[in-house]
$ cat entry07.csv   # CSV, C-alpha atoms
chain,number,residue,atom,x,y,z
A,1,MET,CA,59.6,110.8,221.1
A,2,ASN,CA,58.5,110.5,217.6
A,3,GLY,CA,56.4,107.5,218.3
A,4,MET,CA,54.4,109.2,221.0
A,5,GLN,CA,53.8,112.2,218.6
A,6,ASN,CA,52.5,109.8,216.0
A,7,CYS,CA,50.3,108.2,218.6
A,8,GLY,CA,48.4,111.5,219.0
A,9,ILE,CA,48.4,112.5,215.4
A,10,ILE,CA,47.1,109.2,214.0
A,11,LYS,CA,44.6,108.4,216.7
A,12,ASN,CA,41.6,109.1,214.5
A,13,ASP,CA,43.3,107.7,211.4
A,14,MET,CA,44.0,104.5,213.2
A,15,GLN,CA,40.4,104.2,214.3
A,16,GLU,CA,39.4,104.7,210.7
A,17,ILE,CA,42.0,102.1,209.5
A,18,SER,CA,40.6,99.6,212.1
A,19,GLU,CA,37.1,100.1,210.8
A,20,ILE,CA,38.2,99.9,207.1
A,21,TYR,CA,40.3,96.9,207.9
A,22,GLU,CA,37.3,95.1,209.4
A,23,ARG,CA,35.1,96.3,206.5
A,24,HIS,CA,37.4,95.6,203.6
A,25,TYR,CA,39.6,92.7,204.9
A,26,GLU,CA,37.8,90.1,202.9
A,27,ARG,CA,37.7,92.1,199.7
A,28,ILE,CA,41.4,92.9,199.9
A,29,PHE,CA,42.2,89.3,200.6
A,30,ASN,CA,40.2,88.3,197.5
A,31,LEU,CA,42.0,90.9,195.5
A,32,CYS,CA,45.4,89.6,196.6
A,33,TYR,CA,44.2,86.0,196.0
A,34,ARG,CA,43.3,86.8,192.5
A,35,MET,CA,46.6,88.6,191.9
A,36,SER,CA,48.8,86.0,193.6
A,37,GLY,CA,46.7,82.8,193.0
A,38,ASN,CA,48.0,81.6,196.3
A,39,TYR,CA,46.4,81.5,199.7
A,40,HIS,CA,49.5,81.9,201.9
A,41,ASP,CA,50.9,84.7,199.7
A,42,SER,CA,47.5,86.4,200.0
A,43,GLN,CA,47.7,86.3,203.8
A,44,ASP,CA,51.1,87.9,203.7
A,45,LEU,CA,50.0,90.5,201.2
A,46,VAL,CA,47.1,91.6,203.3
A,47,GLN,CA,49.4,92.0,206.3
A,48,GLU,CA,51.8,94.0,204.2
A,49,THR,CA,49.1,96.2,202.8
A,50,PHE,CA,47.9,97.2,206.2
A,51,MET,CA,51.4,97.8,207.5
A,52,LYS,CA,52.0,100.1,204.5
A,53,VAL,CA,48.7,101.8,205.2
A,54,HIS,CA,49.8,102.5,208.7
A,55,GLN,CA,53.2,103.7,207.6
A,56,LYS,CA,51.7,106.1,205.0
A,57,ILE,CA,48.5,107.2,206.7
A,58,THR,CA,50.0,110.7,207.5
A,59,SER,CA,50.6,111.3,203.8
A,60,PHE,CA,47.0,110.4,202.8
A,61,LYS,CA,45.1,113.2,201.3
A,62,GLN,CA,41.9,113.7,203.2
A,63,ASP,CA,39.9,114.6,200.1
A,64,ALA,CA,40.6,111.3,198.4
A,65,ASP,CA,38.7,108.1,198.9
A,66,ILE,CA,40.4,106.1,201.6
A,67,SER,CA,39.2,102.7,200.4
A,68,THR,CA,40.5,103.3,196.9
A,69,TRP,CA,43.8,104.4,198.4
A,70,ILE,CA,44.0,101.2,200.4
A,71,TYR,CA,43.1,99.0,197.4
A,72,SER,CA,45.8,100.9,195.5
A,73,ILE,CA,48.3,100.0,198.1
A,74,ALA,CA,47.2,96.4,198.0
A,75,VAL,CA,47.5,96.2,194.2
A,76,ASN,CA,51.0,97.7,194.4
A,77,CYS,CA,52.0,95.3,197.1
A,78,CYS,CA,50.8,92.5,194.8
A,79,LEU,CA,52.7,93.9,191.8
A,80,ASP,CA,55.9,94.2,193.8
A,81,HIS,CA,55.5,90.7,195.1
A,82,LEU,CA,54.9,89.3,191.6
A,83,ARG,CA,57.9,91.2,190.3
A,84,GLY,CA,60.0,89.4,193.0
A,85,ARG,CA,60.7,92.5,195.0
A,86,LYS,CA,61.2,91.8,198.7
A,87,SER,CA,60.6,94.4,201.3
A,88,ILE,CA,61.4,94.3,204.9
A,89,LEU,CA,57.6,94.7,205.6
A,90,ARG,CA,56.9,91.6,203.6
A,91,VAL,CA,59.4,89.7,205.8
A,92,LEU,CA,57.6,91.0,208.9
A,93,ALA,CA,54.2,90.2,207.4
A,94,LYS,CA,55.3,86.7,206.8
A,95,ILE,CA,56.6,86.3,210.3
A,96,ILE,CA,53.3,87.5,211.7
A,97,SER,CA,51.3,85.3,209.4
A,98,GLU,CA,53.3,82.3,210.4
A,99,VAL,CA,53.0,83.1,214.0
A,100,THR,CA,49.3,83.7,213.9
A,101,SER,CA,48.5,80.7,211.7
A,102,ARG,CA,50.1,78.3,214.2
A,103,ARG,CA,47.6,79.3,216.8
A,104,ASN,CA,44.5,77.2,217.2
A,105,ASP,CA,41.4,79.0,216.1
A,106,PRO,CA,38.2,76.9,215.9
A,107,SER,CA,36.9,79.1,213.1
A,108,CYS,CA,39.8,78.2,210.8
A,109,ASP,CA,40.8,74.6,211.5
A,110,ASN,CA,41.9,74.2,208.0
A,111,PRO,CA,41.4,77.5,206.2
A,112,GLU,CA,43.4,76.4,203.1
A,113,SER,CA,41.0,73.6,202.4
A,114,GLN,CA,38.4,75.8,200.8
A,115,PHE,CA,41.0,77.0,198.3
A,116,MET,CA,42.2,73.7,197.1
A,117,ASN,CA,39.9,73.6,194.1
A,118,LYS,CA,41.1,76.6,192.1
A,119,SER,CA,38.7,77.9,189.5
A,120,GLU,CA,39.4,78.0,185.8
A,121,GLY,CA,39.3,81.8,185.9
A,122,LEU,CA,41.9,81.9,188.6
A,123,GLU,CA,44.2,79.6,186.7
A,124,LEU,CA,43.7,81.7,183.5
A,125,LEU,CA,44.6,84.9,185.3
A,126,GLN,CA,48.0,83.5,186.2
A,127,LYS,CA,48.8,83.3,182.5
A,128,ILE,CA,49.0,87.0,181.9
A,129,THR,CA,51.4,89.7,183.1
A,130,PRO,CA,50.9,91.0,186.6
A,131,ARG,CA,49.9,94.4,185.3
A,132,HIS,CA,47.3,93.0,182.9
A,133,ARG,CA,46.1,90.8,185.8
A,134,ALA,CA,45.8,93.9,188.0
A,135,MET,CA,43.7,95.6,185.4
A,136,ILE,CA,41.4,92.6,184.9
A,137,VAL,CA,41.0,92.2,188.7
A,138,LEU,CA,40.3,95.9,189.2
A,139,LYS,CA,37.8,95.9,186.4
A,140,ILE,CA,36.0,92.6,186.8
A,141,TYR,CA,36.3,91.9,190.5
A,142,MET,CA,36.5,95.4,192.0
A,143,GLY,CA,34.2,97.0,189.4
A,144,TYR,CA,36.4,100.1,189.0
A,145,ASN,CA,36.0,102.2,185.8
A,146,TYR,CA,38.9,103.1,183.5
A,147,LYS,CA,39.5,106.4,185.2
A,148,GLU,CA,39.8,104.8,188.6
A,149,ILE,CA,42.0,102.0,187.3
A,150,ALA,CA,44.2,104.5,185.6
A,151,HIS,CA,44.6,106.4,188.8
A,152,ILE,CA,45.6,103.3,190.8
A,153,LEU,CA,48.0,102.1,188.2
A,154,LYS,CA,49.3,105.5,187.3
A,155,THR,CA,48.4,105.5,183.6
A,156,SER,CA,45.7,107.0,181.4
A,157,PRO,CA,42.2,105.7,180.9
A,158,ASP,CA,42.8,105.2,177.2
A,159,SER,CA,45.8,103.0,178.0
A,160,VAL,CA,43.7,101.0,180.4
A,161,GLY,CA,41.3,100.3,177.5
A,162,VAL,CA,44.1,99.3,175.2
A,163,GLU,CA,45.8,97.1,177.8
A,164,LEU,CA,42.5,95.4,178.9
A,165,ASN,CA,41.8,94.6,175.2
A,166,ARG,CA,45.3,93.0,174.9
A,167,ALA,CA,44.9,91.1,178.2
A,168,ARG,CA,41.5,89.7,177.2
A,169,LYS,CA,42.8,88.7,173.8
A,170,LYS,CA,45.8,87.0,175.3
A,171,LEU,CA,43.5,85.1,177.7
A,172,LEU,CA,41.2,84.0,174.9
A,173,ASN,CA,44.2,82.7,173.0
A,174,SER,CA,45.7,80.9,175.9
A,175,PRO,CA,45.8,77.1,175.5
A,176,GLY,CA,43.7,76.4,178.6
A,177,GLU,CA,40.8,78.6,177.7
A,178,LYS,CA,37.7,76.9,176.3
A,179,GLY,CA,37.0,78.1,172.8
A,180,GLY,CA,40.4,79.8,172.7
A,181,LYS,CA,42.9,79.9,169.9
A,182,ARG,CA,40.9,82.5,168.1
A,183,GLN,CA,42.6,84.6,165.5
B,1,MET,CA,32.5,100.8,161.7
B,2,LYS,CA,35.2,98.5,160.3
B,3,CYS,CA,36.0,95.2,161.8
B,4,SER,CA,39.5,96.4,162.9
B,5,SER,CA,38.0,99.4,164.8
B,6,PHE,CA,35.4,97.1,166.3
B,7,LYS,CA,38.1,94.7,167.6
B,8,LYS,CA,40.0,97.6,169.2
B,9,ARG,CA,36.9,98.7,171.1
B,10,ILE,CA,35.7,95.4,172.4
B,11,SER,CA,36.9,95.9,176.0
B,12,GLN,CA,35.5,99.5,176.1
B,13,TYR,CA,32.1,98.1,175.0
B,14,LEU,CA,32.2,95.3,177.5
B,15,ASP,CA,33.2,97.7,180.3
B,16,LYS,CA,30.6,100.3,179.3
B,17,GLU,CA,33.3,102.9,178.5
B,18,LEU,CA,32.1,103.8,175.0
B,19,SER,CA,30.3,107.1,174.4
B,20,PRO,CA,26.6,106.7,173.4
B,21,GLU,CA,27.4,107.4,169.7
B,22,GLU,CA,30.3,104.9,169.7
B,23,GLU,CA,28.2,102.3,171.4
B,24,LYS,CA,25.5,102.8,168.8
B,25,ARG,CA,28.0,102.3,165.9
B,26,PHE,CA,29.5,99.3,167.7
B,27,VAL,CA,26.1,97.6,168.2
B,28,GLU,CA,25.1,98.3,164.6
B,29,HIS,CA,28.3,96.6,163.4
B,30,ARG,CA,27.8,93.7,165.7
B,31,GLU,CA,24.3,93.1,164.3
B,32,THR,CA,25.5,93.1,160.7
B,33,CYS,CA,28.9,91.2,161.1
B,34,GLU,CA,28.6,87.6,162.1
B,35,LYS,CA,32.3,87.2,162.6
B,36,CYS,CA,32.5,90.2,165.0
B,37,ASN,CA,29.4,89.1,166.8
B,38,GLY,CA,31.0,85.7,167.4
B,39,LEU,CA,34.1,87.4,168.7
B,40,ILE,CA,32.1,89.4,171.2
B,41,LEU,CA,30.4,86.3,172.4
B,42,GLU,CA,33.8,84.7,173.1
B,43,TYR,CA,34.9,87.8,175.1
B,44,GLU,CA,31.6,87.8,177.0
B,45,GLY,CA,32.2,84.1,177.8
B,46,LEU,CA,35.7,84.9,179.0
B,47,ASP,CA,34.4,87.7,181.3
B,48,LYS,CA,31.9,85.2,182.7
B,49,ILE,CA,34.6,82.8,183.6
B,50,LEU,CA,36.7,85.5,185.2
B,51,GLY,CA,33.7,86.8,187.1
B,52,GLU,CA,32.9,83.4,188.5
B,53,ILE,CA,36.2,83.1,190.4
B,54,PRO,CA,34.7,82.2,193.8
B,55,VAL,CA,34.8,84.8,196.6
B,56,VAL,CA,36.9,83.2,199.3
B,57,HIS,CA,36.1,83.7,202.9
B,58,PRO,CA,39.4,83.8,204.8
B,59,PRO,CA,39.7,83.5,208.5
B,60,GLY,CA,38.5,86.8,210.1
B,61,PRO,CA,40.7,89.8,210.3
B,62,ARG,CA,41.5,89.2,213.9
B,63,THR,CA,43.2,85.9,213.2
B,64,SER,CA,45.3,87.7,210.6
B,65,PHE,CA,46.5,90.7,212.6
B,66,ASN,CA,46.3,88.8,215.8
B,67,ALA,CA,47.1,85.5,217.1
B,68,ALA,CA,44.1,83.4,218.1
B,69,HIS,CA,42.7,84.7,221.3
B,70,GLU,CA,41.2,83.2,224.3
B,71,ASN,CA,38.8,84.5,226.9
B,72,ARG,CA,40.1,84.5,230.3
B,73,LYS,CA,38.6,85.2,233.7
B,74,ALA,CA,39.1,88.7,235.2
B,75,GLY,CA,41.5,87.5,237.8
B,76,ILE,CA,44.1,86.5,235.2
B,77,PHE,CA,44.2,89.9,233.5
B,78,PHE,CA,46.3,91.6,236.0
B,79,LEU,CA,48.9,88.8,235.9
B,80,ALA,CA,48.9,88.7,232.0
B,81,LYS,CA,49.4,92.5,231.9
B,82,ALA,CA,52.3,92.2,234.4
B,83,LEU,CA,53.9,89.4,232.4
B,84,ALA,CA,53.5,91.4,229.2
B,85,GLY,CA,55.1,94.4,230.8
B,86,ALA,CA,58.0,92.3,232.1
B,87,LEU,CA,58.4,90.8,228.6
B,88,VAL,CA,58.6,94.2,227.0
B,89,VAL,CA,61.3,95.2,229.4
B,90,ILE,CA,63.2,92.1,228.7
B,91,LEU,CA,62.8,92.6,225.0
B,92,VAL,CA,64.0,96.2,225.1
B,93,ALA,CA,67.0,95.2,227.2
B,94,PHE,CA,67.7,92.4,224.7
B,95,ILE,CA,67.4,94.8,221.8
B,96,LEU,CA,69.8,97.3,223.3
B,97,PHE,CA,72.2,94.6,224.3
B,98,ARG,CA,72.1,92.5,221.1
B,99,PHE,CA,71.6,95.0,218.3
B,100,GLY,CA,72.4,98.5,219.6
B,101,SER,CA,71.0,101.1,217.2
B,102,ASP,CA,71.5,99.2,213.9
B,103,GLY,CA,67.9,98.3,213.4
B,104,GLU,CA,65.3,100.0,211.2
B,105,LYS,CA,62.7,101.8,213.4
B,106,ASN,CA,59.1,101.1,212.5
B,107,ARG,CA,55.7,101.0,214.0
B,108,ILE,CA,52.9,98.7,213.4
B,109,ALA,CA,49.4,98.5,214.6
B,110,LEU,CA,48.0,95.3,216.0
B,111,ILE,CA,44.3,95.1,216.4
B,112,PRO,CA,43.3,92.9,219.2
B,113,PRO,CA,39.7,91.8,219.7
B,114,GLY,CA,37.4,94.4,221.1
B,115,ASP,CA,36.6,92.5,224.3
B,116,LYS,CA,38.6,94.0,227.1
B,117,ARG,CA,38.7,90.6,228.8
B,118,THR,CA,40.5,89.1,225.9
B,119,VAL,CA,44.2,88.5,225.8
B,120,CYS,CA,46.0,88.0,222.5
B,121,SER,CA,49.1,85.8,222.8
B,122,TYR,CA,51.8,86.2,220.2
B,123,GLU,CA,54.7,83.8,220.0
B,124,ILE,CA,57.7,85.1,218.1
B,125,LYS,CA,60.7,83.1,217.2
B,126,LEU,CA,63.9,85.1,217.0
B,127,ASN,CA,67.3,83.7,216.5
B,128,GLN,CA,66.1,80.3,217.6
B,129,ARG,CA,64.7,81.8,220.9
B,130,ARG,CA,61.0,82.0,221.6
B,131,PHE,CA,59.3,85.1,222.9
B,132,ASN,CA,55.7,85.7,223.9
B,133,LEU,CA,53.7,88.9,223.6
B,134,ASN,CA,50.5,89.3,225.5
B,135,LEU,CA,48.2,92.1,224.5
B,136,LYS,CA,44.9,93.0,226.2
B,137,GLY,CA,42.1,93.6,223.7
B,138,ASP,CA,41.1,97.2,224.4
B,139,GLY,CA,41.8,99.0,221.2
B,140,VAL,CA,44.5,99.3,218.6
B,141,GLN,CA,47.8,98.5,220.1
B,142,LEU,CA,50.8,100.2,218.7
B,143,LEU,CA,54.1,98.4,218.8
B,144,ASN,CA,57.5,99.8,217.9
B,145,PHE,CA,59.6,97.2,216.2
B,146,GLU,CA,63.1,97.0,214.9
B,147,ILE,CA,64.5,94.8,212.3
B,148,ALA,CA,68.1,94.1,211.8
B,149,GLU,CA,69.3,92.0,208.8
B,150,GLY,CA,72.3,89.8,209.3
B,151,GLU,CA,74.0,87.8,206.6
B,152,ASP,CA,72.1,84.7,207.3
B,153,HIS,CA,69.2,85.8,209.5
B,154,ILE,CA,66.7,88.6,210.1
B,155,SER,CA,66.2,89.8,213.7
B,156,LEU,CA,62.9,91.2,214.8
B,157,SER,CA,62.3,92.9,218.1
B,158,PHE,CA,59.3,94.7,219.6
B,159,SER,CA,58.7,97.3,222.2
B,160,GLU,CA,55.5,98.8,223.6
B,161,GLY,CA,54.2,101.8,221.6
B,162,GLY,CA,51.0,102.6,223.4
B,163,THR,CA,47.4,102.0,223.0
B,164,LEU,CA,44.7,103.9,221.2

$ encode --input "entry07.csv" --output "structure tokens"
Amino acid sequence: MNGMQNCGIIKNDMQEISEIYERHYERIFNLCYRMSGNYHDSQDLVQETFMKVHQKITSFKQDADISTWIYSIAVNCCLDHLRGRKSILRVLAKIISEVTSRRNDPSCDNPESQFMNKSEGLELLQKITPRHRAMIVLKIYMGYNYKEIAHILKTSPDSVGVELNRARKKLLNSPGEKGGKRQ
Amino acid sequence: MKCSSFKKRISQYLDKELSPEEEKRFVEHRETCEKCNGLILEYEGLDKILGEIPVVHPPGPRTSFNAAHENRKAGIFFLAKALAGALVVILVAFILFRFGSDGEKNRIALIPPGDKRTVCSYEIKLNQRRFNLNLKGDGVQLLNFEIAEGEDHISLSFSEGGTL
């Protein structure tokens, strides 16, 4: 039984995932929220991220940083979502989200209400390409350096610098940006 | 440093990715070029707006990976476990009968609350039928699931995969 073999192999990994899930859940949710600009999509994307983590945990290289690895999966889930790619895991994530959100939990009577007032920055982010958005989020929200961003997005640090410059320039020139229309 | 070189390095400057020598030349230019200094101020204003996107506090992870949970008295647990076991048998029988081996085999981990006295209740709608899954919160639960895509529907079925 492959499943039972997995059960033994991944026992420690699963414990680690559980801990990381608890520790990084909010941060990954916020990453997905900035990328998608949508509360419900963020819920689905967080679910999908952890399903992929569970699927791929056996291929994770132990010398790498597991949290960066998980954020990398989250970013790529978001990019796939924004490119309109549908995966079977996303369908499952959506089903689970819908099932769980129907339940009554006193801690989240109306969890969406706190997201009704979108910030100017969030609206601005939706005006640039998903890849540029990922770079901005990884830099400004996650605080990664160019080398780390390059690793996550499979490019070079120099390209990250060039692309971030383009992204910021585009944001500054976007109609909604205060003081925009420069150059 | 020329204005064109300055503009190309604005992000690297803001992100502290310039070498000390480059940063020195960059700052020198900024101090002597009013136009470029104004540009930098705009970029810094933009970063401030982007950095001020509020951190949202979604419902806790348990409500995401798990349905809402309810504490039950110890006497109920045995019954819930028995019901969950029966449900799994019914689901497996249903899968075998309905889908054969067409589905894609997968495993997911559901993380119930740590309290052993807690039961997570999942309600799943499948082909207009409703199913309930009850999981006791004593660690990471593994579930095998199968998904079969029809022309106008997606079928999802679970079976027990063990507990860590």

$ residues_around --input "entry07.csv" --residues "A:Arg166" --least-positions-apart "5" --cutoff "12 Å" --atoms "all atoms listed in the file" --output "ChimeraX atom specification"
/A:128-129,131-133,135-136,159-161,171-173 /B:7-12,43

$ atom_distance --input "entry07.csv" --atom1 "atom CA of B:His57" --atom2 "atom CA of A:Glu26"
6.6 Å

$ atom_distance --input "entry07.csv" --atom1 "atom CA of A:Ala74" --atom2 "atom CA of B:Tyr13"
27.6 Å

$ closest_residue --input "entry07.csv" --among "B:Glu28, B:Glu34, B:Glu22, B:Glu42" --to "chain A" --atoms "all atoms listed in the file"
B:Glu42

$ closest_residue --input "entry07.csv" --among "B:Ile49, B:Ile40, B:Met1, B:Leu14" --to "chain A" --atoms "only C-alpha atoms"
B:Ile49

$ atom_distance --input "entry07.csv" --atom1 "atom CA of A:Lys52" --atom2 "atom CA of A:Cys77"
8.8 Å

$ closest_residue --input "entry07.csv" --among "A:Ser18, A:Ser59, A:Gln43, A:Asn38" --to "B:Pro58" --atoms "all atoms listed in the file"
A:Gln43

$ closest_residue --input "entry07.csv" --among "A:Leu31, A:Ser119, A:Ser72, A:Ser42" --to "A:Lys154" --atoms "only C-alpha atoms"
A:Ser72

$ closest_residue --input "entry07.csv" --among "A:Ser67, A:Thr49, A:Gln55, A:Ser174" --to "chain B" --atoms "all atoms listed in the file"
A:Gln55
